[in-house]
$ cat structure.cif   # mmCIF, C-alpha atoms and all ligand atoms
data_data
loop_
_atom_site.label_atom_id
_atom_site.label_comp_id
_atom_site.auth_asym_id
_atom_site.auth_seq_id
_atom_site.Cartn_x
_atom_site.Cartn_y
_atom_site.Cartn_z
CA MET A 1 8.07 -29.98 14.48
CA SER A 2 11.29 -28.05 14.20
CA ASP A 3 11.99 -29.55 10.78
CA ARG A 4 8.63 -28.31 9.49
CA TYR A 5 8.40 -24.75 10.75
CA LEU A 6 11.00 -22.19 11.62
CA ASN A 7 11.14 -20.99 15.16
CA VAL A 8 10.37 -17.34 14.46
CA ASP A 9 11.84 -15.45 17.39
CA ASP A 10 11.55 -11.66 17.81
CA THR A 11 14.69 -10.96 15.78
CA LEU A 12 13.57 -13.08 12.85
CA TYR A 13 10.01 -11.74 13.00
CA HIS A 14 11.35 -8.20 12.90
CA TYR A 15 13.42 -9.15 9.83
CA LEU A 16 10.38 -10.75 8.21
CA VAL A 17 8.25 -7.65 8.69
CA GLU A 18 11.10 -5.41 7.56
CA HIS A 19 11.69 -7.34 4.34
CA GLY A 20 8.38 -9.04 3.63
CA VAL A 21 5.76 -6.38 4.33
CA ARG A 22 5.09 -3.05 2.62
CA GLU A 23 3.07 -0.78 4.85
CA HIS A 24 1.34 2.49 4.02
CA PRO A 25 2.29 5.23 6.54
CA ALA A 26 -1.30 5.09 7.84
CA GLN A 27 -0.88 1.40 8.62
CA ILE A 28 2.26 2.12 10.62
CA ALA A 29 0.50 4.96 12.44
CA LEU A 30 -2.51 2.78 13.24
CA ARG A 31 -0.29 0.03 14.63
CA ASP A 32 1.43 2.66 16.78
CA ALA A 33 -1.95 3.95 17.96
CA THR A 34 -3.06 0.44 18.92
CA ARG A 35 0.17 -0.75 20.56
CA SER A 36 -0.66 0.51 24.07
CA HIS A 37 -4.31 -0.60 23.91
CA PRO A 38 -5.16 -3.21 26.58
CA ALA A 39 -6.59 -5.47 23.86
CA ALA A 40 -3.72 -4.85 21.39
CA GLY A 41 -3.26 -8.62 21.03
CA MET A 42 -6.48 -8.67 19.00
CA GLN A 43 -4.78 -6.82 16.16
CA ILE A 44 -3.52 -8.96 13.29
CA GLY A 45 0.18 -8.85 12.52
CA PRO A 46 1.49 -6.73 9.64
CA ASP A 47 2.50 -9.95 7.88
CA GLN A 48 -1.12 -11.12 8.04
CA GLY A 49 -2.29 -7.76 6.74
CA ALA A 50 0.09 -8.08 3.80
CA LEU A 51 -1.18 -11.59 3.08
CA LEU A 52 -4.84 -10.49 3.11
CA ALA A 53 -3.98 -7.57 0.81
CA LEU A 54 -2.15 -9.82 -1.64
CA LEU A 55 -4.99 -12.37 -1.66
CA VAL A 56 -7.51 -9.62 -2.38
CA LYS A 57 -5.42 -8.56 -5.38
CA VAL A 58 -4.79 -12.13 -6.57
CA ILE A 59 -8.51 -12.92 -6.75
CA GLY A 60 -9.41 -9.47 -8.08
CA ALA A 61 -11.75 -8.82 -5.17
CA LYS A 62 -14.01 -5.78 -5.17
CA ARG A 63 -16.64 -6.59 -2.57
CA THR A 64 -15.33 -7.83 0.75
CA ILE A 65 -16.62 -8.59 4.24
CA GLU A 66 -14.83 -8.20 7.52
CA ILE A 67 -16.21 -9.70 10.72
CA GLY A 68 -14.38 -8.27 13.72
CA VAL A 69 -12.83 -4.87 12.98
CA PHE A 70 -11.15 -4.05 16.32
CA THR A 71 -9.15 -0.83 15.65
CA GLY A 72 -9.25 -1.30 11.90
CA TYR A 73 -5.84 -2.50 10.75
CA SER A 74 -7.15 -5.41 8.69
CA ALA A 75 -9.92 -3.29 7.15
CA LEU A 76 -7.27 -0.69 6.26
CA SER A 77 -4.99 -3.34 4.74
CA VAL A 78 -7.80 -4.77 2.61
CA ALA A 79 -9.20 -1.36 1.63
CA LEU A 80 -5.78 -0.22 0.40
CA ALA A 81 -5.59 -3.32 -1.81
CA LEU A 82 -9.05 -2.81 -3.32
CA PRO A 83 -9.77 -0.83 -6.48
CA ASP A 84 -11.39 2.63 -6.10
CA ASP A 85 -14.88 1.18 -6.33
CA GLY A 86 -14.12 -1.62 -3.87
CA VAL A 87 -15.88 -2.02 -0.54
CA VAL A 88 -15.27 -3.55 2.88
CA LEU A 89 -18.50 -4.38 4.70
CA ALA A 90 -16.93 -3.98 8.14
CA CYS A 91 -18.89 -5.60 10.98
CA ASP A 92 -18.21 -4.91 14.64
CA ILE A 93 -20.14 -4.09 17.80
CA ASN A 94 -17.54 -1.91 19.51
CA GLU A 95 -17.70 1.76 18.57
CA ALA A 96 -14.74 2.72 20.79
CA TYR A 97 -12.39 0.25 19.09
CA THR A 98 -13.39 1.19 15.56
CA ALA A 99 -13.13 4.92 16.38
CA ILE A 100 -9.38 4.45 16.87
CA GLY A 101 -9.02 3.36 13.26
CA GLN A 102 -11.13 5.97 11.57
CA PRO A 103 -8.56 8.84 11.47
CA HIS A 104 -6.10 6.40 9.90
CA TRP A 105 -8.63 5.21 7.33
CA ARG A 106 -9.11 8.90 6.46
CA ALA A 107 -5.35 9.52 6.28
CA ALA A 108 -5.04 6.64 3.81
CA GLY A 109 -7.98 7.96 1.77
CA VAL A 110 -9.96 4.74 2.06
CA THR A 111 -12.88 5.83 4.27
CA LYS A 112 -15.30 5.70 1.34
CA LYS A 113 -14.40 2.06 0.76
CA ILE A 114 -15.14 0.99 4.34
CA ASP A 115 -18.83 0.53 5.12
CA LEU A 116 -18.74 0.20 8.92
CA ARG A 117 -21.77 -1.51 10.43
CA LEU A 118 -21.94 -1.28 14.22
CA ALA A 119 -24.27 -4.19 14.95
CA PRO A 120 -24.01 -7.90 15.65
CA ALA A 121 -22.39 -9.35 12.52
CA LEU A 122 -25.04 -12.05 12.04
CA GLN A 123 -27.67 -9.34 11.87
CA THR A 124 -25.71 -7.45 9.22
CA LEU A 125 -24.94 -10.59 7.19
CA ASP A 126 -28.53 -11.85 7.37
CA ALA A 127 -29.74 -8.44 6.19
CA GLU A 128 -27.39 -8.72 3.19
CA LEU A 129 -28.82 -12.15 2.39
CA ALA A 130 -32.38 -10.88 2.82
CA ALA A 131 -31.55 -8.05 0.40
CA GLY A 132 -30.68 -10.63 -2.26
CA ARG A 133 -26.92 -10.16 -2.14
CA ALA A 134 -25.99 -13.86 -1.94
CA GLY A 135 -23.13 -14.65 -4.31
CA THR A 136 -22.10 -11.00 -4.71
CA TYR A 137 -19.03 -10.87 -2.47
CA ASP A 138 -15.49 -11.94 -3.34
CA PHE A 139 -13.65 -12.12 -0.05
CA ALA A 140 -14.29 -12.36 3.70
CA PHE A 141 -12.07 -12.12 6.75
CA ILE A 142 -13.40 -13.61 9.98
CA ASP A 143 -11.70 -12.52 13.22
CA ALA A 144 -14.32 -12.09 15.95
CA ASP A 145 -15.97 -14.07 18.78
CA LYS A 146 -14.91 -17.68 18.32
CA THR A 147 -18.24 -19.27 19.24
CA GLY A 148 -19.79 -17.19 16.45
CA TYR A 149 -17.38 -18.42 13.77
CA ASP A 150 -19.53 -21.27 12.49
CA GLY A 151 -22.47 -18.94 11.87
CA TYR A 152 -20.20 -16.40 10.18
CA VAL A 153 -18.65 -19.02 7.90
CA GLU A 154 -22.11 -20.28 6.90
CA ARG A 155 -23.30 -16.76 6.03
CA CYS A 156 -20.09 -15.99 4.15
CA LEU A 157 -20.40 -19.19 2.12
CA GLN A 158 -23.77 -17.89 0.93
CA LEU A 159 -22.64 -14.31 0.37
CA LEU A 160 -19.49 -15.21 -1.60
CA ARG A 161 -19.39 -16.06 -5.29
CA PRO A 162 -17.87 -19.37 -6.41
CA GLY A 163 -14.10 -18.83 -6.35
CA GLY A 164 -14.43 -16.36 -3.48
CA LEU A 165 -12.13 -16.69 -0.51
CA ILE A 166 -12.74 -16.76 3.26
CA ALA A 167 -9.81 -16.15 5.63
CA ILE A 168 -10.43 -17.33 9.20
CA ASP A 169 -8.11 -16.11 11.97
CA ASN A 170 -7.01 -17.80 15.22
CA VAL A 171 -7.73 -21.34 14.02
CA LEU A 172 -4.75 -22.70 16.02
CA TRP A 173 -5.71 -20.71 19.18
CA SER A 174 -2.18 -20.66 20.64
CA GLY A 175 -1.96 -24.41 20.03
CA SER A 176 -4.86 -25.29 22.30
CA VAL A 177 -6.95 -26.77 19.47
CA ALA A 178 -4.62 -29.77 19.31
CA LYS A 179 -5.43 -30.83 22.87
CA PRO A 180 -8.64 -31.80 24.69
CA SER A 181 -10.27 -28.70 26.13
CA THR A 182 -13.29 -27.60 28.11
CA SER A 183 -13.04 -23.98 26.92
CA GLU A 184 -16.04 -22.96 24.83
CA ASP A 185 -13.88 -20.94 22.46
CA THR A 186 -11.40 -23.77 21.94
CA ARG A 187 -14.18 -26.31 21.39
CA ALA A 188 -15.89 -24.04 18.87
CA LEU A 189 -12.65 -23.72 16.91
CA GLN A 190 -12.00 -27.47 17.12
CA ALA A 191 -15.49 -28.21 15.81
CA LEU A 192 -15.13 -25.70 12.98
CA ASN A 193 -11.69 -26.97 11.98
CA ALA A 194 -13.00 -30.56 11.94
CA LYS A 195 -16.05 -29.58 9.90
CA LEU A 196 -14.13 -27.57 7.30
CA LYS A 197 -11.49 -30.27 6.80
CA ASP A 198 -13.85 -32.42 4.71
CA ASP A 199 -16.41 -29.79 3.71
CA PRO A 200 -17.18 -30.42 0.02
CA ARG A 201 -18.20 -26.78 -0.48
CA ILE A 202 -14.65 -25.50 -0.20
CA ASP A 203 -10.97 -26.02 -0.97
CA LEU A 204 -8.81 -25.17 2.00
CA VAL A 205 -5.40 -24.73 3.55
CA MET A 206 -4.56 -23.99 7.19
CA LEU A 207 -1.49 -21.80 7.63
CA PRO A 208 0.60 -21.29 10.80
CA ILE A 209 0.78 -17.52 10.27
CA GLY A 210 -0.11 -15.41 13.31
CA ASP A 211 -2.33 -17.56 15.54
CA GLY A 212 -3.27 -19.81 12.61
CA LEU A 213 -5.16 -18.77 9.48
CA THR A 214 -7.43 -20.99 7.39
CA LEU A 215 -8.02 -20.02 3.78
CA ALA A 216 -11.20 -21.51 2.36
CA ARG A 217 -12.09 -21.07 -1.31
CA LYS A 218 -15.73 -21.49 -2.17
CA ARG A 219 -16.22 -24.07 -4.92
CA CA B 301 -7.40 -12.58 15.64
#

$ encode --input "structure.cif" --output "structure tokens" --more "lines below"
Ligand code: CA
Amino acid sequence: MSDRYLNVDDTLYHYLVEHGVREHPAQIALRDATRSHPAAGMQIGPDQGALLALLVKVIGAKRTIEIGVFTGYSALSVALALPDDGVVLACDINEAYTAIGQPHWRAAGVTKKIDLRLAPALQTLDAELAAGRAGTYDFAFIDADKTGYDGYVERCLQLLRPGGLIAIDNVLWSGSVAKPSTSEDTRALQALNAKLKDDPRIDLVMLPIGDGLTLARKR
């Protein structure tokens, strides 16, 4: 393995973030505000935020979906990359988590771009489909309950336009996906990874950034 991927220790990761990521002051402040949170590990890394932002710009995304907001760093990263009339349909069920992000969304001036829906994501996505908005979204980021991923991917494949991009977080699950497991979360990720590998509806690449990120482009 060592000849394929660098061993990114703390020193090298710090260098990478220092030289490879441009953060808005509100992003830095939101990371600081989340650092001491007991669930801080649920926040994506700043390098992942920068990747999502760049992808949004590369594909010219305007309408985006986020499933799993936590304290709002990824929504902030994407919103900053969107044009003025862009939108993040931000789905989460935890009001306390998302409340941590809101002052920082305001500080960055992106609150009007973030349409926060506090409800089960499937409910929100199904309502979008029922409202005839299939094919109207450009980008989706999935980072929520792992057993729900398959349902989220299926909804996003309907809601995205051809050429739209889905980013799926935690697909390597600390390495546990590569071994037999009885964990429901691990098995859900294993099943999804196996399904997407040969799914004719998408082009894909799985990247070892963060805890593993799959990029799937809708054909
Ligand atoms: Ca995650």

$ residues_near_ligand --input "structure.cif" --ligand "ligand CA 301 (chain B)" --cutoff "8 Å" --atoms "all atoms listed in the file" --output "JSON, numbers by chain"
{"A": [41, 42, 43, 44, 143, 144, 169, 170, 211]}

$ residues_near_point --input "structure.cif" --point "(-8.9, -1.3, 8.8)" --cutoff "10 Å" --atoms "all atoms listed in the file" --output "short mmCIF file (atom, residue, chain, number, x, y, z; two decimals) with C-alpha atoms, keeping the file's coordinate frame"
data_model
loop_
_atom_site.label_atom_id
_atom_site.label_comp_id
_atom_site.auth_asym_id
_atom_site.auth_seq_id
_atom_site.Cartn_x
_atom_site.Cartn_y
_atom_site.Cartn_z
CA ALA A 26 -1.30 5.09 7.84
CA GLN A 27 -0.88 1.40 8.62
CA LEU A 30 -2.51 2.78 13.24
CA GLY A 49 -2.29 -7.76 6.74
CA GLU A 66 -14.83 -8.20 7.52
CA VAL A 69 -12.83 -4.87 12.98
CA PHE A 70 -11.15 -4.05 16.32
CA THR A 71 -9.15 -0.83 15.65
CA GLY A 72 -9.25 -1.30 11.90
CA TYR A 73 -5.84 -2.50 10.75
CA SER A 74 -7.15 -5.41 8.69
CA ALA A 75 -9.92 -3.29 7.15
CA LEU A 76 -7.27 -0.69 6.26
CA SER A 77 -4.99 -3.34 4.74
CA VAL A 78 -7.80 -4.77 2.61
CA ALA A 79 -9.20 -1.36 1.63
CA LEU A 80 -5.78 -0.22 0.40
CA VAL A 88 -15.27 -3.55 2.88
CA ALA A 90 -16.93 -3.98 8.14
CA THR A 98 -13.39 1.19 15.56
CA ILE A 100 -9.38 4.45 16.87
CA GLY A 101 -9.02 3.36 13.26
CA GLN A 102 -11.13 5.97 11.57
CA HIS A 104 -6.10 6.40 9.90
CA TRP A 105 -8.63 5.21 7.33
CA VAL A 110 -9.96 4.74 2.06
CA THR A 111 -12.88 5.83 4.27
CA ILE A 114 -15.14 0.99 4.34
CA LEU A 116 -18.74 0.20 8.92
#

$ closest_residue --input "structure.cif" --among "A:Ala188, A:Lys179, A:Leu172, A:Pro120" --to "Met206 (chain A)" --atoms "only C-alpha atoms"
A:Leu172

$ atom_distance --input "structure.cif" --atom1 "CA of Gly210 (chain A)" --atom2 "CA of Asp47 (chain A)"
8.1 Å

$ residues_around --input "structure.cif" --residues "region 124-126 of chain A" --least-positions-apart "2" --cutoff "10 Å" --atoms "all atoms listed in the file" --output "ChimeraX atom specification"
/A:65,67,89-92,117-122,128-134,151-152,155-156,158-159

$ decode --input "structure.cif" --residues "region 41-195 of chain A" --atoms "C-alpha atoms" --output "PDB file, in the first residue's frame"
ATOM      1  CA  GLY A  41     -15.510  13.686  14.132  1.00  0.00           C
ATOM      2  CA  MET A  42     -18.637  13.978  11.984  1.00  0.00           C
ATOM      3  CA  GLN A  43     -17.337  17.183  10.425  1.00  0.00           C
ATOM      4  CA  ILE A  44     -15.654  16.823   7.047  1.00  0.00           C
ATOM      5  CA  GLY A  45     -12.047  17.942   6.767  1.00  0.00           C
ATOM      6  CA  PRO A  46     -11.187  21.324   5.256  1.00  0.00           C
ATOM      7  CA  ASP A  47      -9.529  19.481   2.360  1.00  0.00           C
ATOM      8  CA  GLN A  48     -12.831  17.732   1.643  1.00  0.00           C
ATOM      9  CA  GLY A  49     -14.658  21.049   1.842  1.00  0.00           C
ATOM     10  CA  ALA A  50     -12.244  22.520  -0.690  1.00  0.00           C
ATOM     11  CA  LEU A  51     -12.769  19.539  -3.005  1.00  0.00           C
ATOM     12  CA  LEU A  52     -16.574  19.830  -2.842  1.00  0.00           C
ATOM     13  CA  ALA A  53     -16.320  23.571  -3.538  1.00  0.00           C
ATOM     14  CA  LEU A  54     -14.048  23.035  -6.530  1.00  0.00           C
ATOM     15  CA  LEU A  55     -16.306  20.302  -7.946  1.00  0.00           C
ATOM     16  CA  VAL A  56     -19.333  22.578  -7.624  1.00  0.00           C
ATOM     17  CA  LYS A  57     -17.493  25.231  -9.638  1.00  0.00           C
ATOM     18  CA  VAL A  58     -16.140  22.756 -12.205  1.00  0.00           C
ATOM     19  CA  ILE A  59     -19.614  21.474 -13.081  1.00  0.00           C
ATOM     20  CA  GLY A  60     -21.195  24.932 -12.831  1.00  0.00           C
ATOM     21  CA  ALA A  61     -23.638  23.762 -10.176  1.00  0.00           C
ATOM     22  CA  LYS A  62     -26.469  26.018  -9.059  1.00  0.00           C
ATOM     23  CA  ARG A  63     -28.889  23.663  -7.353  1.00  0.00           C
ATOM     24  CA  THR A  64     -27.379  21.314  -4.805  1.00  0.00           C
ATOM     25  CA  ILE A  65     -28.499  18.851  -2.151  1.00  0.00           C
ATOM     26  CA  GLU A  66     -26.844  18.038   1.131  1.00  0.00           C
ATOM     27  CA  ILE A  67     -27.907  15.035   3.196  1.00  0.00           C
ATOM     28  CA  GLY A  68     -26.421  15.269   6.683  1.00  0.00           C
ATOM     29  CA  VAL A  69     -25.599  18.853   7.663  1.00  0.00           C
ATOM     30  CA  PHE A  70     -24.143  18.376  11.164  1.00  0.00           C
ATOM     31  CA  THR A  71     -22.842  21.854  12.174  1.00  0.00           C
ATOM     32  CA  GLY A  72     -22.831  23.114   8.613  1.00  0.00           C
ATOM     33  CA  TYR A  73     -19.234  23.194   7.388  1.00  0.00           C
ATOM     34  CA  SER A  74     -19.908  21.343   4.141  1.00  0.00           C
ATOM     35  CA  ALA A  75     -23.047  23.387   3.432  1.00  0.00           C
ATOM     36  CA  LEU A  76     -20.985  26.540   4.033  1.00  0.00           C
ATOM     37  CA  SER A  77     -18.200  25.318   1.734  1.00  0.00           C
ATOM     38  CA  VAL A  78     -20.640  24.519  -1.072  1.00  0.00           C
ATOM     39  CA  ALA A  79     -22.705  27.688  -0.578  1.00  0.00           C
ATOM     40  CA  LEU A  80     -19.585  29.863  -0.844  1.00  0.00           C
ATOM     41  CA  ALA A  81     -18.758  28.173  -4.159  1.00  0.00           C
ATOM     42  CA  LEU A  82     -22.237  28.677  -5.619  1.00  0.00           C
ATOM     43  CA  PRO A  83     -23.326  31.698  -7.642  1.00  0.00           C
ATOM     44  CA  ASP A  84     -25.625  34.262  -5.941  1.00  0.00           C
ATOM     45  CA  ASP A  85     -28.750  32.466  -7.118  1.00  0.00           C
ATOM     46  CA  GLY A  86     -27.442  29.048  -6.082  1.00  0.00           C
ATOM     47  CA  VAL A  87     -29.096  26.880  -3.454  1.00  0.00           C
ATOM     48  CA  VAL A  88     -28.203  24.115  -1.019  1.00  0.00           C
ATOM     49  CA  LEU A  89     -31.205  21.984  -0.072  1.00  0.00           C
ATOM     50  CA  ALA A  90     -29.767  21.068   3.330  1.00  0.00           C
ATOM     51  CA  CYS A  91     -31.368  18.021   4.966  1.00  0.00           C
ATOM     52  CA  ASP A  92     -30.873  17.102   8.608  1.00  0.00           C
ATOM     53  CA  ILE A  93     -32.946  16.046  11.593  1.00  0.00           C
ATOM     54  CA  ASN A  94     -30.854  17.652  14.332  1.00  0.00           C
ATOM     55  CA  GLU A  95     -31.759  21.255  15.095  1.00  0.00           C
ATOM     56  CA  ALA A  96     -29.077  21.635  17.788  1.00  0.00           C
ATOM     57  CA  TYR A  97     -26.252  20.665  15.413  1.00  0.00           C
ATOM     58  CA  THR A  98     -27.411  22.889  12.572  1.00  0.00           C
ATOM     59  CA  ALA A  99     -27.929  25.831  14.969  1.00  0.00           C
ATOM     60  CA  ILE A 100     -24.161  25.882  15.562  1.00  0.00           C
ATOM     61  CA  GLY A 101     -23.561  26.617  11.894  1.00  0.00           C
ATOM     62  CA  GLN A 102     -26.154  29.281  11.327  1.00  0.00           C
ATOM     63  CA  PRO A 103     -24.233  32.303  12.751  1.00  0.00           C
ATOM     64  CA  HIS A 104     -21.311  31.319  10.520  1.00  0.00           C
ATOM     65  CA  TRP A 105     -23.533  30.975   7.452  1.00  0.00           C
ATOM     66  CA  ARG A 106     -24.756  34.502   8.247  1.00  0.00           C
ATOM     67  CA  ALA A 107     -21.197  35.810   8.725  1.00  0.00           C
ATOM     68  CA  ALA A 108     -20.293  34.460   5.291  1.00  0.00           C
ATOM     69  CA  GLY A 109     -23.424  35.998   3.762  1.00  0.00           C
ATOM     70  CA  VAL A 110     -24.710  32.691   2.412  1.00  0.00           C
ATOM     71  CA  THR A 111     -27.800  32.129   4.578  1.00  0.00           C
ATOM     72  CA  LYS A 112     -30.128  32.891   1.671  1.00  0.00           C
ATOM     73  CA  LYS A 113     -28.495  30.130  -0.360  1.00  0.00           C
ATOM     74  CA  ILE A 114     -29.024  27.452   2.300  1.00  0.00           C
ATOM     75  CA  ASP A 115     -32.543  26.031   2.438  1.00  0.00           C
ATOM     76  CA  LEU A 116     -32.410  24.052   5.686  1.00  0.00           C
ATOM     77  CA  ARG A 117     -35.026  21.318   5.994  1.00  0.00           C
ATOM     78  CA  LEU A 118     -35.262  19.792   9.460  1.00  0.00           C
ATOM     79  CA  ALA A 119     -36.951  16.494   8.613  1.00  0.00           C
ATOM     80  CA  PRO A 120     -35.936  12.980   7.623  1.00  0.00           C
ATOM     81  CA  ALA A 121     -34.035  13.416   4.357  1.00  0.00           C
ATOM     82  CA  LEU A 122     -36.069  10.786   2.484  1.00  0.00           C
ATOM     83  CA  GLN A 123     -39.206  12.756   3.267  1.00  0.00           C
ATOM     84  CA  THR A 124     -37.658  15.960   1.914  1.00  0.00           C
ATOM     85  CA  LEU A 125     -36.253  14.268  -1.197  1.00  0.00           C
ATOM     86  CA  ASP A 126     -39.506  12.435  -1.939  1.00  0.00           C
ATOM     87  CA  ALA A 127     -41.378  15.729  -1.613  1.00  0.00           C
ATOM     88  CA  GLU A 128     -39.005  17.261  -4.191  1.00  0.00           C
ATOM     89  CA  LEU A 129     -39.699  14.356  -6.546  1.00  0.00           C
ATOM     90  CA  ALA A 130     -43.449  14.632  -5.951  1.00  0.00           C
ATOM     91  CA  ALA A 131     -43.204  18.351  -6.785  1.00  0.00           C
ATOM     92  CA  GLY A 132     -41.806  17.448 -10.212  1.00  0.00           C
ATOM     93  CA  ARG A 133     -38.221  18.479  -9.535  1.00  0.00           C
ATOM     94  CA  ALA A 134     -36.555  15.323 -10.888  1.00  0.00           C
ATOM     95  CA  GLY A 135     -33.578  16.217 -13.074  1.00  0.00           C
ATOM     96  CA  THR A 136     -33.317  19.781 -11.732  1.00  0.00           C
ATOM     97  CA  TYR A 137     -30.354  19.435  -9.372  1.00  0.00           C
ATOM     98  CA  ASP A 138     -26.666  19.537 -10.281  1.00  0.00           C
ATOM     99  CA  PHE A 139     -24.843  18.235  -7.237  1.00  0.00           C
ATOM    100  CA  ALA A 140     -25.443  16.217  -4.059  1.00  0.00           C
ATOM    101  CA  PHE A 141     -23.333  15.459  -1.007  1.00  0.00           C
ATOM    102  CA  ILE A 142     -24.347  12.459   1.084  1.00  0.00           C
ATOM    103  CA  ASP A 143     -22.928  12.262   4.622  1.00  0.00           C
ATOM    104  CA  ALA A 144     -25.590  10.937   6.997  1.00  0.00           C
ATOM    105  CA  ASP A 145     -26.822   7.634   8.492  1.00  0.00           C
ATOM    106  CA  LYS A 146     -25.036   4.872   6.594  1.00  0.00           C
ATOM    107  CA  THR A 147     -27.977   2.468   6.404  1.00  0.00           C
ATOM    108  CA  GLY A 148     -29.902   5.256   4.674  1.00  0.00           C
ATOM    109  CA  TYR A 149     -27.280   5.825   1.973  1.00  0.00           C
ATOM    110  CA  ASP A 150     -28.791   3.516  -0.632  1.00  0.00           C
ATOM    111  CA  GLY A 151     -32.138   5.305  -0.445  1.00  0.00           C
ATOM    112  CA  TYR A 152     -30.435   8.705  -0.621  1.00  0.00           C
ATOM    113  CA  VAL A 153     -28.370   7.715  -3.653  1.00  0.00           C
ATOM    114  CA  GLU A 154     -31.486   6.436  -5.443  1.00  0.00           C
ATOM    115  CA  ARG A 155     -33.371   9.692  -4.788  1.00  0.00           C
ATOM    116  CA  CYS A 156     -30.375  11.796  -5.813  1.00  0.00           C
ATOM    117  CA  LEU A 157     -30.012   9.844  -9.062  1.00  0.00           C
ATOM    118  CA  GLN A 158     -33.565  10.909  -9.881  1.00  0.00           C
ATOM    119  CA  LEU A 159     -33.196  14.503  -8.700  1.00  0.00           C
ATOM    120  CA  LEU A 160     -29.920  15.170 -10.553  1.00  0.00           C
ATOM    121  CA  ARG A 161     -29.630  16.109 -14.211  1.00  0.00           C
ATOM    122  CA  PRO A 162     -27.454  13.991 -16.514  1.00  0.00           C
ATOM    123  CA  GLY A 163     -23.869  15.112 -15.855  1.00  0.00           C
ATOM    124  CA  GLY A 164     -24.724  15.927 -12.246  1.00  0.00           C
ATOM    125  CA  LEU A 165     -22.418  14.717  -9.505  1.00  0.00           C
ATOM    126  CA  ILE A 166     -23.018  12.853  -6.234  1.00  0.00           C
ATOM    127  CA  ALA A 167     -20.289  12.847  -3.568  1.00  0.00           C
ATOM    128  CA  ILE A 168     -20.675  10.094  -0.956  1.00  0.00           C
ATOM    129  CA  ASP A 169     -18.672  10.334   2.278  1.00  0.00           C
ATOM    130  CA  ASN A 170     -17.265   7.595   4.549  1.00  0.00           C
ATOM    131  CA  VAL A 171     -17.238   4.904   1.851  1.00  0.00           C
ATOM    132  CA  LEU A 172     -14.051   3.352   3.329  1.00  0.00           C
ATOM    133  CA  TRP A 173     -15.413   3.509   6.929  1.00  0.00           C
ATOM    134  CA  SER A 174     -11.977   3.528   8.596  1.00  0.00           C
ATOM    135  CA  GLY A 175     -10.987   0.566   6.432  1.00  0.00           C
ATOM    136  CA  SER A 176     -13.661  -1.751   7.790  1.00  0.00           C
ATOM    137  CA  VAL A 177     -15.390  -2.155   4.401  1.00  0.00           C
ATOM    138  CA  ALA A 178     -12.487  -4.281   3.166  1.00  0.00           C
ATOM    139  CA  LYS A 179     -13.083  -6.961   5.803  1.00  0.00           C
ATOM    140  CA  PRO A 180     -16.035  -9.201   6.692  1.00  0.00           C
ATOM    141  CA  SER A 181     -18.272  -7.437   9.185  1.00  0.00           C
ATOM    142  CA  THR A 182     -21.469  -7.915  11.136  1.00  0.00           C
ATOM    143  CA  SER A 183     -21.962  -4.169  11.689  1.00  0.00           C
ATOM    144  CA  GLU A 184     -25.093  -2.880   9.982  1.00  0.00           C
ATOM    145  CA  ASP A 185     -23.383   0.344   8.960  1.00  0.00           C
ATOM    146  CA  THR A 186     -20.374  -1.448   7.495  1.00  0.00           C
ATOM    147  CA  ARG A 187     -22.573  -3.919   5.621  1.00  0.00           C
ATOM    148  CA  ALA A 188     -24.689  -1.110   4.204  1.00  0.00           C
ATOM    149  CA  LEU A 189     -21.573   0.635   2.910  1.00  0.00           C
ATOM    150  CA  GLN A 190     -20.169  -2.622   1.510  1.00  0.00           C
ATOM    151  CA  ALA A 191     -23.433  -3.312  -0.330  1.00  0.00           C
ATOM    152  CA  LEU A 192     -23.580   0.223  -1.715  1.00  0.00           C
ATOM    153  CA  ASN A 193     -19.940   0.182  -2.833  1.00  0.00           C
ATOM    154  CA  ALA A 194     -20.489  -3.171  -4.573  1.00  0.00           C
ATOM    155  CA  LYS A 195     -23.659  -1.949  -6.255  1.00  0.00           C
TER     156      LYS A 195
END
